[in-house]
Each structure stands twice: as structure tokens, then as C-alpha cells.
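Colleague: mmCIF, C-alpha atoms and all ligand atoms, saved as start_10.cif, coming up:
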data_entry
#
loop_
_atom_site.label_atom_id
_atom_site.label_comp_id
_atom_site.auth_asym_id
_atom_site.auth_seq_id
_atom_site.Cartn_x
_atom_site.Cartn_y
_atom_site.Cartn_z
CA MET A 319 87.25 -21.83 50.91
CA ALA A 320 87.76 -19.01 53.39
CA GLY A 321 88.26 -15.78 51.50
CA ARG A 322 87.30 -17.16 48.08
CA ARG A 323 84.64 -15.30 46.17
CA VAL A 324 81.29 -16.79 45.12
CA GLU A 325 82.27 -16.90 41.43
CA THR A 326 85.23 -19.14 42.30
CA ILE A 327 83.33 -21.30 44.79
CA ALA A 328 80.58 -21.82 42.19
CA VAL A 329 82.95 -23.46 39.71
CA GLY A 330 84.75 -26.16 41.63
CA HIS A 331 84.10 -26.19 45.36
CA GLY A 332 82.91 -29.47 46.85
CA TYR A 333 84.48 -31.72 44.24
CA ASP A 334 87.97 -33.26 44.38
CA PRO A 335 89.02 -35.04 41.15
CA ALA A 336 91.74 -36.96 43.02
CA ARG A 337 89.03 -38.93 44.84
CA HIS A 338 87.13 -39.83 41.66
CA ASN A 339 89.73 -41.39 39.32
CA GLY A 340 90.85 -37.95 38.19
CA ALA A 341 87.57 -37.20 36.44
CA ALA A 342 87.67 -33.44 35.81
CA LYS A 343 83.96 -33.17 36.43
CA PRO A 344 81.78 -35.00 38.98
CA PRO A 345 80.62 -38.46 37.97
CA VAL A 346 76.92 -39.10 38.70
CA TYR A 347 76.39 -41.88 41.24
CA MET A 348 73.13 -43.50 40.17
CA SER A 349 72.90 -46.00 43.00
CA SER A 350 70.16 -46.38 45.61
CA THR A 351 72.31 -48.40 48.02
CA PHE A 352 75.99 -48.78 48.92
CA VAL A 353 77.85 -52.06 49.58
CA TYR A 354 79.70 -52.38 52.90
CA ARG A 355 83.15 -54.00 52.98
CA ASP A 356 82.09 -56.26 55.86
CA ALA A 357 79.72 -56.39 58.83
CA ALA A 358 81.97 -54.25 61.04
CA HIS A 359 82.07 -51.57 58.31
CA ALA A 360 78.27 -51.67 58.12
CA ARG A 361 78.04 -51.00 61.85
CA SER A 362 80.51 -48.11 61.79
CA ALA A 363 78.76 -46.54 58.78
CA HIS A 364 75.54 -46.44 60.80
CA GLU A 365 77.39 -45.12 63.86
CA GLY A 366 78.83 -42.34 61.68
CA TYR A 367 75.40 -41.46 60.30
CA ALA A 368 73.85 -41.34 63.78
CA ALA A 369 76.67 -39.06 64.95
CA GLY A 370 76.08 -36.71 61.99
CA ARG A 371 79.48 -37.26 60.35
CA ALA A 372 79.77 -36.68 56.58
CA PRO A 373 80.09 -40.09 54.88
CA ASP A 374 83.05 -38.98 52.77
CA SER A 375 84.95 -37.27 55.59
CA GLY A 376 88.14 -38.78 56.96
CA ASP A 377 86.54 -39.95 60.19
CA ALA A 378 83.34 -41.41 58.78
CA GLU A 379 82.85 -44.79 57.22
CA GLY A 380 80.92 -44.32 54.02
CA TYR A 381 77.53 -44.17 52.40
CA ILE A 382 74.55 -46.32 53.39
CA TYR A 383 71.45 -45.64 51.29
CA ALA A 384 70.71 -42.75 48.92
CA ARG A 385 67.75 -41.39 50.93
CA LEU A 386 70.20 -40.77 53.81
CA ASP A 387 73.03 -39.39 51.71
CA HIS A 388 74.85 -39.98 48.42
CA PRO A 389 78.05 -38.61 46.84
CA ASN A 390 76.42 -36.07 44.51
CA LEU A 391 74.32 -34.73 47.39
CA GLN A 392 77.48 -34.26 49.49
CA MET A 393 79.19 -32.35 46.66
CA LEU A 394 76.18 -30.08 46.11
CA GLN A 395 75.70 -29.42 49.82
CA ALA A 396 79.38 -28.51 50.25
CA ARG A 397 79.12 -26.06 47.35
CA MET A 398 75.86 -24.45 48.49
CA ALA A 399 77.11 -24.15 52.10
CA ALA A 400 80.22 -22.32 50.86
CA LEU A 401 78.16 -20.08 48.54
CA ASP A 402 75.82 -19.15 51.38
CA GLY A 403 78.74 -18.58 53.76
CA ALA A 404 77.43 -21.37 56.01
CA GLU A 405 78.88 -24.22 58.01
CA ALA A 406 76.45 -26.78 56.56
CA CYS A 407 73.73 -27.29 53.97
CA ALA A 408 70.94 -29.81 53.38
CA ALA A 409 69.61 -30.25 49.85
CA PHE A 410 66.05 -31.34 49.08
CA GLY A 411 63.99 -32.62 46.16
CA SER A 412 62.35 -29.21 45.63
CA GLY A 413 62.11 -25.82 47.28
CA MET A 414 58.84 -26.87 48.91
CA ALA A 415 60.44 -30.09 50.18
CA ALA A 416 62.95 -27.82 51.95
CA VAL A 417 60.23 -25.44 53.23
CA ALA A 418 58.01 -28.28 54.49
CA THR A 419 60.84 -30.24 56.10
CA ALA A 420 62.02 -27.10 57.91
CA LEU A 421 58.66 -25.75 59.07
CA LEU A 422 57.28 -29.14 60.11
CA SER A 423 60.48 -29.78 62.08
CA LEU A 424 60.78 -26.40 63.79
CA VAL A 425 57.14 -25.60 64.54
CA ARG A 426 55.04 -27.57 67.04
CA PRO A 427 51.28 -27.56 67.63
CA GLY A 428 50.17 -24.31 69.26
CA ASP A 429 53.28 -22.35 68.20
CA SER A 430 53.19 -19.12 66.21
CA VAL A 431 55.10 -18.16 63.06
CA LEU A 432 55.91 -14.57 62.14
CA HIS A 433 56.21 -13.97 58.39
CA THR A 434 56.53 -11.37 55.67
CA SER A 435 53.69 -10.90 53.19
CA PRO A 436 52.94 -11.84 50.43
CA LEU A 437 54.56 -15.26 50.58
CA TYR A 438 55.30 -17.80 47.86
CA GLY A 439 51.97 -19.60 47.22
CA GLY A 440 53.26 -22.98 48.42
CA THR A 441 54.67 -21.59 51.69
CA ASP A 442 51.43 -19.68 52.23
CA GLY A 443 49.39 -22.85 51.56
CA LEU A 444 51.46 -24.91 54.00
CA LEU A 445 51.18 -22.32 56.79
CA THR A 446 47.57 -21.22 56.39
CA GLY A 447 46.01 -24.30 54.75
CA VAL A 448 47.72 -27.11 56.67
CA MET A 449 49.65 -26.01 59.76
CA ALA A 450 47.05 -23.49 60.99
CA PRO A 451 43.94 -25.70 60.74
CA GLU A 452 45.58 -29.06 61.49
CA LEU A 453 48.27 -28.16 64.04
CA GLY A 454 46.78 -25.03 65.64
CA VAL A 455 49.74 -22.99 64.44
CA ARG A 456 49.18 -19.23 64.14
CA PRO A 457 50.86 -17.54 61.16
CA VAL A 458 51.07 -13.76 61.70
CA ALA A 459 51.92 -11.44 58.80
CA ILE A 460 54.14 -8.38 59.20
CA ALA A 461 52.32 -5.45 57.56
CA ASP A 462 55.43 -3.39 56.76
CA ALA A 463 58.69 -5.37 56.72
CA LEU A 464 60.78 -2.17 56.72
CA ASP A 465 59.18 -0.60 59.78
CA GLU A 466 60.25 -1.49 63.33
CA GLY A 467 56.89 -0.63 64.90
CA SER A 468 55.07 -2.84 62.44
CA VAL A 469 57.42 -5.78 63.09
CA ARG A 470 57.07 -5.28 66.85
CA GLU A 471 53.26 -5.24 66.63
CA ALA A 472 53.18 -8.46 64.56
CA ALA A 473 55.64 -10.19 66.91
CA ALA A 474 53.45 -9.27 69.90
CA GLY A 475 50.42 -10.66 68.06
CA ALA A 476 52.25 -13.92 67.38
CA LEU A 477 53.43 -14.28 70.98
CA ALA A 478 49.91 -13.65 72.27
CA HIS A 479 48.90 -16.91 70.57
CA GLY A 480 51.83 -19.11 71.61
CA PRO A 481 55.60 -19.54 71.52
CA LEU A 482 57.25 -17.95 68.48
CA ALA A 483 58.91 -20.94 66.82
CA ALA A 484 59.95 -19.55 63.45
CA VAL A 485 60.30 -16.28 61.58
CA TRP A 486 59.90 -16.70 57.82
CA ILE A 487 61.27 -13.83 55.75
CA GLU A 488 60.86 -13.87 51.99
CA THR A 489 62.94 -11.11 50.42
CA PRO A 490 62.49 -9.97 47.73
CA SER A 491 58.93 -11.27 47.94
CA ASN A 492 56.99 -13.26 45.36
CA PRO A 493 55.48 -11.86 43.18
CA LEU A 494 56.01 -8.14 43.95
CA ALA A 495 59.75 -8.19 44.74
CA GLY A 496 59.16 -6.13 47.90
CA LEU A 497 62.13 -5.98 50.28
CA ALA A 498 62.16 -7.05 53.93
CA ASP A 499 64.83 -5.94 56.38
CA ILE A 500 66.40 -9.19 57.59
CA ALA A 501 68.53 -7.65 60.37
CA LEU A 502 65.61 -5.60 61.71
CA ILE A 503 63.09 -8.46 61.76
CA ALA A 504 65.60 -10.92 63.27
CA ARG A 505 66.52 -8.48 66.06
CA VAL A 506 62.95 -7.49 66.94
CA ALA A 507 61.70 -11.10 66.88
CA ARG A 508 64.54 -12.30 69.11
CA GLU A 509 63.96 -9.44 71.56
CA ALA A 510 60.22 -10.10 71.67
CA ALA A 511 60.74 -13.82 72.30
CA ALA A 512 63.70 -13.38 74.70
CA GLY A 513 61.90 -15.16 77.53
CA GLN A 514 61.27 -18.36 75.54
CA ALA A 515 63.05 -21.63 76.28
CA ARG A 516 63.34 -22.33 72.52
CA PRO A 517 64.54 -19.19 70.68
CA PRO A 518 62.77 -18.52 67.36
CA VAL A 519 64.63 -19.71 64.26
CA VAL A 520 64.91 -16.96 61.64
CA ILE A 521 64.73 -18.32 58.08
CA VAL A 522 65.13 -16.31 54.89
CA ASP A 523 63.73 -17.52 51.56
CA ASN A 524 66.56 -16.32 49.28
CA THR A 525 65.06 -17.71 46.05
CA PHE A 526 64.48 -14.38 44.26
CA LEU A 527 68.13 -13.28 44.41
CA GLY A 528 70.15 -16.40 45.27
CA PRO A 529 73.63 -16.56 46.78
CA THR A 530 75.37 -14.31 44.23
CA LEU A 531 73.17 -11.29 45.08
CA GLN A 532 72.21 -11.79 48.75
CA ALA A 533 73.78 -13.51 51.76
CA PRO A 534 71.02 -13.64 54.43
CA LEU A 535 73.20 -15.36 57.05
CA ARG A 536 75.45 -12.29 57.09
CA HIS A 537 72.45 -10.12 57.98
CA GLY A 538 71.31 -12.12 61.00
CA ALA A 539 69.31 -15.07 59.63
CA ASP A 540 69.81 -18.48 61.24
CA LEU A 541 68.93 -20.42 58.08
CA CYS A 542 68.93 -19.56 54.38
CA MET A 543 66.45 -21.44 52.17
CA THR A 544 66.75 -21.40 48.37
CA SER A 545 64.60 -23.02 45.71
CA LEU A 546 67.37 -24.42 43.51
CA THR A 547 64.73 -24.86 40.79
CA LYS A 548 65.12 -21.17 39.98
CA TYR A 549 68.49 -19.38 39.50
CA ALA A 550 70.76 -22.23 40.67
CA GLY A 551 69.20 -24.71 38.23
CA GLY A 552 68.65 -21.88 35.80
CA HIS A 553 67.40 -23.86 32.81
CA SER A 554 63.84 -24.79 33.88
CA ASP A 555 64.69 -28.49 33.72
CA LEU A 556 64.90 -29.61 37.37
CA LEU A 557 63.48 -29.16 40.88
CA GLY A 558 65.60 -28.76 44.00
CA GLY A 559 65.92 -26.88 47.28
CA ALA A 560 68.57 -26.12 49.88
CA ILE A 561 68.82 -24.91 53.47
CA SER A 562 72.12 -23.57 54.79
CA GLY A 563 73.18 -22.53 58.27
CA ALA A 564 75.00 -23.70 61.39
CA THR A 565 75.55 -27.47 61.63
CA ALA A 566 73.57 -27.55 64.89
CA LEU A 567 70.46 -26.39 62.98
CA VAL A 568 71.05 -28.13 59.63
CA GLU A 569 71.94 -31.61 60.92
CA PRO A 570 68.49 -32.19 62.52
CA LEU A 571 66.92 -31.20 59.17
CA ARG A 572 69.07 -33.79 57.37
CA LYS A 573 67.87 -36.42 59.86
CA ARG A 574 64.27 -35.31 59.35
CA ARG A 575 64.80 -35.41 55.57
CA THR A 576 65.68 -39.11 55.85
CA LEU A 577 62.36 -39.78 57.63
CA MET A 578 60.30 -37.67 55.24
CA GLY A 579 62.08 -38.84 52.09
CA THR A 580 62.59 -35.27 50.90
CA HIS A 581 66.21 -35.67 49.70
CA LEU A 582 67.45 -34.60 46.25
CA ASP A 583 68.31 -37.43 43.83
CA PRO A 584 71.78 -38.04 42.27
CA HIS A 585 70.90 -36.79 38.78
CA GLY A 586 69.29 -33.58 40.08
CA SER A 587 72.29 -32.95 42.34
CA TRP A 588 74.67 -33.49 39.43
CA LEU A 589 72.71 -31.15 37.13
CA LEU A 590 72.82 -28.50 39.84
CA LEU A 591 76.59 -28.82 40.30
CA ARG A 592 76.91 -28.10 36.59
CA SER A 593 74.38 -25.25 36.50
CA ILE A 594 75.71 -23.45 39.56
CA GLU A 595 78.99 -22.87 37.69
CA THR A 596 77.25 -20.31 35.42
CA MET A 597 74.72 -18.96 37.94
CA GLY A 598 76.58 -15.69 38.53
CA LEU A 599 76.89 -14.95 34.80
CA ARG A 600 73.26 -15.77 34.13
CA VAL A 601 71.92 -13.75 37.06
CA GLU A 602 74.09 -10.77 36.13
CA ARG A 603 72.99 -10.73 32.49
CA ALA A 604 69.33 -11.34 33.36
CA GLY A 605 69.57 -8.50 35.92
CA GLN A 606 70.88 -6.10 33.28
CA ASN A 607 68.06 -7.10 30.93
CA ALA A 608 65.55 -6.70 33.77
CA ALA A 609 66.71 -3.12 34.41
CA THR A 610 66.15 -2.29 30.73
CA VAL A 611 62.75 -4.01 30.64
CA ALA A 612 61.67 -2.33 33.91
CA ARG A 613 62.57 1.14 32.53
CA PHE A 614 60.69 0.42 29.31
CA LEU A 615 57.59 -0.71 31.22
CA ALA A 616 57.69 2.23 33.66
CA ALA A 617 57.58 4.67 30.71
CA HIS A 618 54.69 2.87 28.96
CA PRO A 619 51.25 4.56 29.17
CA LYS A 620 49.39 1.25 29.68
CA VAL A 621 51.54 0.27 32.67
CA SER A 622 50.37 1.74 35.99
CA ARG A 623 53.03 0.32 38.34
CA VAL A 624 56.42 -1.45 38.15
CA THR A 625 57.71 -3.11 41.33
CA TRP A 626 61.37 -3.55 40.33
CA ALA A 627 63.39 -2.90 43.53
CA GLY A 628 66.00 -0.96 41.55
CA PHE A 629 63.52 1.95 41.26
CA ALA A 630 63.55 2.59 45.01
CA ASP A 631 64.72 6.14 45.80
CA PRO A 632 68.26 5.75 47.24
CA ALA A 633 67.22 8.07 50.10
CA SER A 634 64.15 5.95 50.98
CA PRO A 635 64.25 3.04 53.49
CA ALA A 636 63.86 0.52 50.62
CA GLY A 637 66.68 2.15 48.64
CA ALA A 638 69.01 2.15 51.65
CA LEU A 639 68.12 -1.48 52.39
CA LEU A 640 68.76 -2.53 48.79
CA ARG A 641 72.30 -1.13 49.07
CA ARG A 642 72.91 -2.63 52.51
CA GLN A 643 71.44 -6.09 52.00
CA CYS A 644 71.61 -6.93 48.28
CA ASP A 645 74.14 -6.78 45.44
CA GLY A 646 71.43 -6.07 42.86
CA ALA A 647 67.67 -5.80 42.39
CA GLY A 648 67.41 -9.15 40.61
CA PRO A 649 65.74 -10.21 37.37
CA THR A 650 62.20 -10.96 38.66
CA PHE A 651 59.54 -8.35 39.46
CA ALA A 652 55.94 -7.42 38.70
CA PHE A 653 54.03 -4.70 36.88
CA ASP A 654 50.40 -3.65 36.66
CA VAL A 655 48.52 -3.22 33.41
CA ALA A 656 45.73 -0.64 33.46
CA GLY A 657 42.52 -2.51 32.57
CA GLY A 658 42.85 -5.48 34.92
CA GLU A 659 42.51 -9.15 34.03
CA ALA A 660 41.12 -8.72 30.52
CA SER A 661 44.00 -6.46 29.45
CA CYS A 662 46.52 -8.80 31.11
CA PHE A 663 45.14 -11.79 29.22
CA ARG A 664 45.31 -9.94 25.87
CA LEU A 665 48.92 -8.97 26.62
CA LEU A 666 49.92 -12.50 27.65
CA ASP A 667 48.27 -14.07 24.60
CA ALA A 668 50.06 -11.69 22.24
CA LEU A 669 53.62 -12.33 23.49
CA ARG A 670 55.92 -14.37 21.24
CA VAL A 671 59.36 -14.32 22.94
CA PHE A 672 58.20 -14.39 26.57
CA ARG A 673 56.76 -17.77 27.50
CA LEU A 674 53.53 -17.92 29.51
CA ALA A 675 54.49 -20.12 32.46
CA VAL A 676 54.89 -20.09 36.22
CA SER A 677 58.37 -20.41 37.73
CA LEU A 678 61.31 -18.06 37.29
CA GLY A 679 65.07 -17.95 37.09
CA GLY A 680 65.54 -19.79 33.79
CA THR A 681 67.61 -18.64 30.82
CA GLU A 682 64.31 -17.91 29.04
CA SER A 683 61.99 -15.04 29.96
CA LEU A 684 58.80 -16.22 31.64
CA ILE A 685 55.64 -14.29 32.42
CA CYS A 686 52.41 -15.06 34.31
CA HIS A 687 49.31 -13.54 35.92
CA PRO A 688 49.66 -14.31 39.67
CA ALA A 689 45.99 -13.79 40.65
CA THR A 690 44.87 -16.62 38.34
CA THR A 691 47.97 -18.85 38.59
CA THR A 692 50.71 -18.78 41.28
CA HIS A 693 48.54 -17.00 43.85
CA PHE A 694 45.15 -18.41 42.74
CA SER A 695 44.70 -20.26 46.04
CA VAL A 696 45.36 -17.16 48.17
CA PRO A 697 41.93 -15.65 49.09
CA PRO A 698 41.24 -12.39 47.15
CA GLU A 699 41.16 -10.24 50.33
CA ARG A 700 44.62 -11.40 51.42
CA ARG A 701 45.90 -11.06 47.85
CA ALA A 702 44.65 -7.46 47.73
CA ALA A 703 46.08 -6.67 51.18
CA ALA A 704 49.46 -7.88 49.93
CA GLY A 705 49.23 -5.64 46.86
CA VAL A 706 48.58 -8.31 44.20
CA THR A 707 45.78 -6.99 41.96
CA ASP A 708 43.87 -8.47 39.00
CA GLY A 709 46.09 -6.28 36.80
CA THR A 710 49.38 -7.58 38.23
CA ILE A 711 51.76 -9.51 35.97
CA ARG A 712 54.95 -11.22 37.17
CA ILE A 713 57.92 -11.25 34.88
CA SER A 714 61.13 -13.29 35.13
CA VAL A 715 63.57 -11.75 32.69
CA GLY A 716 65.99 -14.16 31.03
CA ILE A 717 69.29 -13.84 29.19
CA GLU A 718 67.98 -13.26 25.64
CA HIS A 719 68.91 -10.08 23.75
CA GLU A 720 67.19 -7.17 25.50
CA ALA A 721 65.99 -5.62 22.23
CA ASP A 722 63.95 -8.74 21.39
CA LEU A 723 62.36 -8.65 24.84
CA ILE A 724 61.42 -4.96 24.52
CA GLU A 725 60.05 -5.42 20.99
CA ASP A 726 57.94 -8.36 22.15
CA LEU A 727 56.49 -6.43 25.11
CA ALA A 728 55.89 -3.34 22.96
CA GLN A 729 53.84 -5.20 20.34
CA ALA A 730 51.89 -7.13 23.01
CA LEU A 731 51.11 -3.99 25.06
CA GLU A 732 49.56 -2.46 21.95
CA LYS A 733 46.95 -5.23 22.06
CA ALA A 734 46.43 -5.07 25.86
C1 LIG A 801 59.58 -21.49 43.55
C2 LIG A 801 59.67 -20.95 44.92
C3 LIG A 801 59.61 -21.77 46.05
C4 LIG A 801 59.36 -23.26 45.96
O1 LIG A 801 60.32 -23.95 45.23
P1 LIG A 801 60.00 -25.28 44.36
O2 LIG A 801 61.36 -25.69 43.93
O3 LIG A 801 59.08 -24.88 43.25
O4 LIG A 801 59.35 -26.26 45.27
C5 LIG A 801 59.75 -21.18 47.29
N1 LIG A 801 59.91 -19.85 47.43
C6 LIG A 801 59.96 -19.03 46.38
C7 LIG A 801 60.14 -17.56 46.59
C8 LIG A 801 59.83 -19.54 45.08
O5 LIG A 801 59.85 -18.70 44.03
#
Could you write out this structure as C-alpha cells?
Ligand SMILES: *Cc1c(COP(=O)(O)O)cnc(C)c1O

Modeller:
Amino acid sequence: MAGRRVETIAVGHGYDPARHNGAAKPPVYMSSTFVYRDAAHARSAHEGYAAGRAPDSGDAEGYIYARLDHPNLQMLQARMAALDGAEACAAFGSGMAAVATALLSLVRPGDSVLHTSPLYGGTDGLLTGVMAPELGVRPVAIADALDEGSVREAAAGALAHGPLAAVWIETPSNPLAGLADIALIARVAREAAAGQARPPVVIVDNTFLGPTLQAPLRHGADLCMTSLTKYAGGHSDLLGGAISGATALVEPLRKRRTLMGTHLDPHGSWLLLRSIETMGLRVERAGQNAATVARFLAAHPKVSRVTWAGFADPASPAGALLRRQCDGAGPTFAFDVAGGEASCFRLLDALRVFRLAVSLGGTESLICHPATTTHFSVPPERRAAAGVTDGTIRISVGIEHEADLIEDLAQALEKA
């Protein structure tokens, strides 16, 4: 697919009708196990798996068991790898299955992890609630992910504890859509850990923009993680995750996925192949709606802050980074309602088009109050330090007509 554009890759890459009875669209292979032709075939299938060869490639001998690999998983992984501009991809049963399989594979007891802040609640919970207390891992937050001195200081703090095993960059961040400079953080972290036997692995959580708006591997990341539940799935009806990168890094994660049982099932893989075809259109339309909604909110007297990245002054570091690193500001951001939690709750309860739910990236507009939902388990001090207040509301703008979204917000803000 060298040279093809993401819109073209999204539609057909990874599926060859000639190998599936001419079916124009992928059949779904609902089978937990695969029958060998004979005992010698069984042995060579296992040899191929151990050697990391794709089961449907010319030199491999076929599928074994669906937790190891299955045809719909292969198709999805080929498509996501091409979309991310990567050599290989591993798909997982959810975004958190991908996050957990990666972090628990890359990070050993006593290691440190450098990360942007705030983080997705699940990633934060895994690092600070499980890996720190149970494995002696030290997660160190970067205070300002656009400032070299700040990254350097955090990297030094991480290295003072133990080897820097992983750098976790979430950009734009959840829920505030703050940007982090991937190239800067990757360079500074690698320089700081230059003396280590194991170089740190730089991972970007690309969930908020997805492959049509941001290509982290092109900016210096080693691995790109995406919750497929969000824009790739796009219809709030499935869970999935993916990690793309060089085969040398992805193949060990596929092997670890087999042991942890964190693979994505055939039906989920098939739904994703279908949804990814329209991802670019959906993200583009939702992004246009988001720009309109963000401008409406910014001009409203009851709204004290709007974190949409598109508002960054083009001359500021964030504005320059947006142009350099992203192809758009994306459809998900946050805003603050003057009056705190009580006003937020009145607003949320008055909405009729927006649905009150966690998650993002669906065709429908979703809205939630992070402090009491997605980021409830993050201690209030760390929430405040990351800029998430009791008046913060996260909004995932969908593909409805923008006028209906504005009218809904306008009538609800009157009651806030
Ligand atoms: C939703 C999300 C995840 C986790 O994905 P799931 O599919 O819900 O497990 C990780 N990171 C970000 C930024 C997310 O929004």
C-alpha cells in the first residue's frame, strides 16, 4: 500500500476477495479452532506461529486457535498497520487490553514510566493503582508536555528511581484535549536514558484523533496505541484496541496477548473492518461540528473555558504543534461551566440531543462530567493539578446536524 492515502487504505486494504470465494466483503470466521490437514501440517502450523509468521502468508501453514490468531484479526491488523504507517499491528479486545498487555510486557518491577498528564482513567489506574504499589514501578508525570525543560526534569526524576522502560504520551489528552509534543518527548527521553541497556519504548495513545488525523510513528513514537472502541468503531457498539509499530516490537506483544487472552474476537474484528471504511468521513464531519460547537460555547457567558485545540494561537507553541503534528483538532474536548458541579448537573439533565454517557467517538454526541465519572477514581489533588475541575464537562461531538446540537446546548445552558 506504499503511497496510498488513508482514505483508500481504510476501504479495502487487508482483504483479498480472491482468497475468500470472491466475496466482495470479508466473511466473518466464527470458529474457535482450526482443523489441520494432517499431523505434519499441525506441526508446521505451530512452527510458523513460534517463528512469528502470519498464518495466511505464503510461507506459513495456517491458523491454530482463535486466541492465537484468526482470519478477521489478520485482516484488521493489516488494515490498521497500513493506516498507522507501520510494519505490524496487534489488535486487542479493548483499548485497555492493549494498554495493559503493552505496559505489563514492557515494564519490569523497579522500572520507571514517564507520562503525560492527565491520562485516560484506566491507564492512570493501571500505572498508579496496580503497577506502582504491586510492582514498585514509578510513574512520573511531565508537568508541561510542550516544554523541553519540563520534560527533561521529569525524565531525570524517573531515572532517579530506576530504568526508564516506557514513555506514555497521550495526545490530545483525555479529557482536556491538551497537546503533547511527541518528537520532543521522544528525543529528550531517549537522550536521558542513553546509557540504558534496554532503551525506553515510546508509546502514543492516539485515541482522541485516530489514524486519519495523527500519525504518531512519523513523529518519533515506537508504538501507536488506539482504542478502536472510539473513532474506528464509531457507532458505540463494540470494544477494541490496537498497537502498531515495528514487527520487532509488535510480535512480542502478539505472543503476550496469547498468554493473557487479550485478543479481539472475530465478530468485533469484522465490525471494525466495516466501520473503518467510513472513519475518515465521520471524523471529518464530527470535527466540523465540533468547531461550530466550540465557538458557540466560547462565546457563551456561562462558559468560563473551552479546551478545543483549534483555539490555540497559531503563533503559540500549541498552535505550531497542532499544525506540525495533527491534521485537525478533533471532535472531542472539554469546557468549564461557571458554577461548578451543581451547574454542570443542571446542564446535563436538561440536554435532549446530547446523550449523557462516558466514551467518545460515536456518530452520536456524548457528554459527561469527568470529575464524577471517567476521572472519579483519580484523587482530587491530582485531578486539579491536571486542570480537571468540578465545573469541567467533556463533550464528544457527533455527526448530527450542527444546528440541533447548538440549540440543545443553548436551551440546557439557560438552566445551568
Ligand atoms: C477509551 C480510551 C482508552 C481505553 O479504551 P477502551 O476501549 O475503553 O478499553 C484509552 N485511552 C483513551 C484516550 C481513551 O479515550

Colleague: For atom CA of A:Gly657 and atom CA of A:Arg700, determine how far apart the two atoms are, in Å to one decimal place.

Modeller: 20.9 Å

Colleague: Report as lines of an AutoDock Vina configuration file the centre and the edge lengths, in Å to one decimal, of the axis-aligned box holding every listed atom of ligand LIG 801 (chain A), padded by 8 Å on each side.

Modeller:
center_x = 60.2
center_y = -21.9
center_z = 45.3
size_x = 18.3
size_y = 24.7
size_z = 20.2

Colleague: Residues within 9 Å of ligand LIG 801 (chain A), counting all atoms listed in the file: report them as a ChimeraX atom specification.

Modeller: /A:410-417,437-441,488-493,523-526,543-548,556-559,676-679

Colleague: Write out as number ranges by chain each polymer residue whose atoms come within 12 Å of A:Ala721, counting all atoms listed in the file; drop sequence neighbours fewer than 5 positions from it.

Modeller: A: 607-608, 610-611, 614, 671, 726-728

Colleague: Can you pull out every residue within 10 Å of stretch 455-458 of chain A, counting all atoms listed in the file, but drop anything in the same chain fewer than 2 positions away, and send it as a count of residues only?

Modeller: 37

Colleague: If I take atom CA of A:Thr710 and atom CA of A:Val621, how far is one from the other in Å, to one decimal?

Modeller: 9.9 Å

Colleague: Could you tell me how far atom CA of A:Phe651 sits from atom CA of A:Glu325, in Å to one decimal place?

Modeller: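 Interatomic distance, atom CA of A:Glu325 to atom CA of A:Phe651: 24.4 Å.
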
Colleague: Smallest atom-to-atom distance to A:Arg371: which of A:Arg572, A:Ala342, A:Val324, A:Met578, using all atoms listed in the file?

Modeller: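 Once distances to A:Arg371 are computed over all atoms listed in the file, the minimum belongs to A:Arg572.
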
Colleague: Kindly indicate which residue among A:Ala617, A:Ala627, A:Leu571, A:Ala703 lies nearest to A:Ala647, using only C-alpha atoms for the distances.

Modeller: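 Answer, going by the shortest atom-to-atom distance: A:Ala627.
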
Colleague: Show which residues sit within 10 Å of A:Met393, as a list in words. Count all atoms listed in the file, and ignore same-chain residues fewer than 4 positions away.

Modeller: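 What passes the distance filter is Gly330, His331, Gly332, Tyr333, Asp334, Pro344, Asp374, His388, Pro389, Arg397, Met398, Ser587, Trp588 and Leu591 of chain A.
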
Colleague: Up to 10 Å from (78.8, -20.1, 43.2) in the file's coordinates: name the residues, counting only C-alpha atoms, as a compact mmCIF listing (two decimals) with C-alpha atoms, keeping the file's coordinate frame.

Modeller:
# COMPACT_ATOMS: atom_id res chain seq x y z
CA ARG A 323 84.64 -15.30 46.17
CA VAL A 324 81.29 -16.79 45.12
CA GLU A 325 82.27 -16.90 41.43
CA THR A 326 85.23 -19.14 42.30
CA ILE A 327 83.33 -21.30 44.79
CA ALA A 328 80.58 -21.82 42.19
CA VAL A 329 82.95 -23.46 39.71
CA GLY A 330 84.75 -26.16 41.63
CA HIS A 331 84.10 -26.19 45.36
CA ARG A 397 79.12 -26.06 47.35
CA MET A 398 75.86 -24.45 48.49
CA ALA A 399 77.11 -24.15 52.10
CA ALA A 400 80.22 -22.32 50.86
CA LEU A 401 78.16 -20.08 48.54
CA ASP A 402 75.82 -19.15 51.38
CA GLY A 528 70.15 -16.40 45.27
CA PRO A 529 73.63 -16.56 46.78
CA THR A 530 75.37 -14.31 44.23
CA ALA A 550 70.76 -22.23 40.67
CA LEU A 591 76.59 -28.82 40.30
CA SER A 593 74.38 -25.25 36.50
CA ILE A 594 75.71 -23.45 39.56
CA GLU A 595 78.99 -22.87 37.69
CA THR A 596 77.25 -20.31 35.42
CA MET A 597 74.72 -18.96 37.94
CA GLY A 598 76.58 -15.69 38.53

Colleague: Check the smallest atom-to-atom distance from each of A:Ser350, A:Ser423, A:Gln532, A:Thr681 to A:Arg574 using all atoms listed in the file, then report the winner.

Modeller: A:Ser423

Colleague: Name the closest residue to A:Arg641 among the candidates A:Glu720, A:Asp499, A:Asp465, A:Glu682; distances are taken between atoms, counting all atoms listed in the file.

Modeller: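 Of A:Glu720, A:Asp499, A:Asp465, A:Glu682, the one nearest A:Arg641, counting all atoms listed in the file, is A:Asp499.
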
Colleague: So, with only C-alpha atoms as the atoms that count, which of A:Thr707, A:Gln729, A:Thr692, A:Thr351 lies closest to A:Phe672?

Modeller: A:Gln729
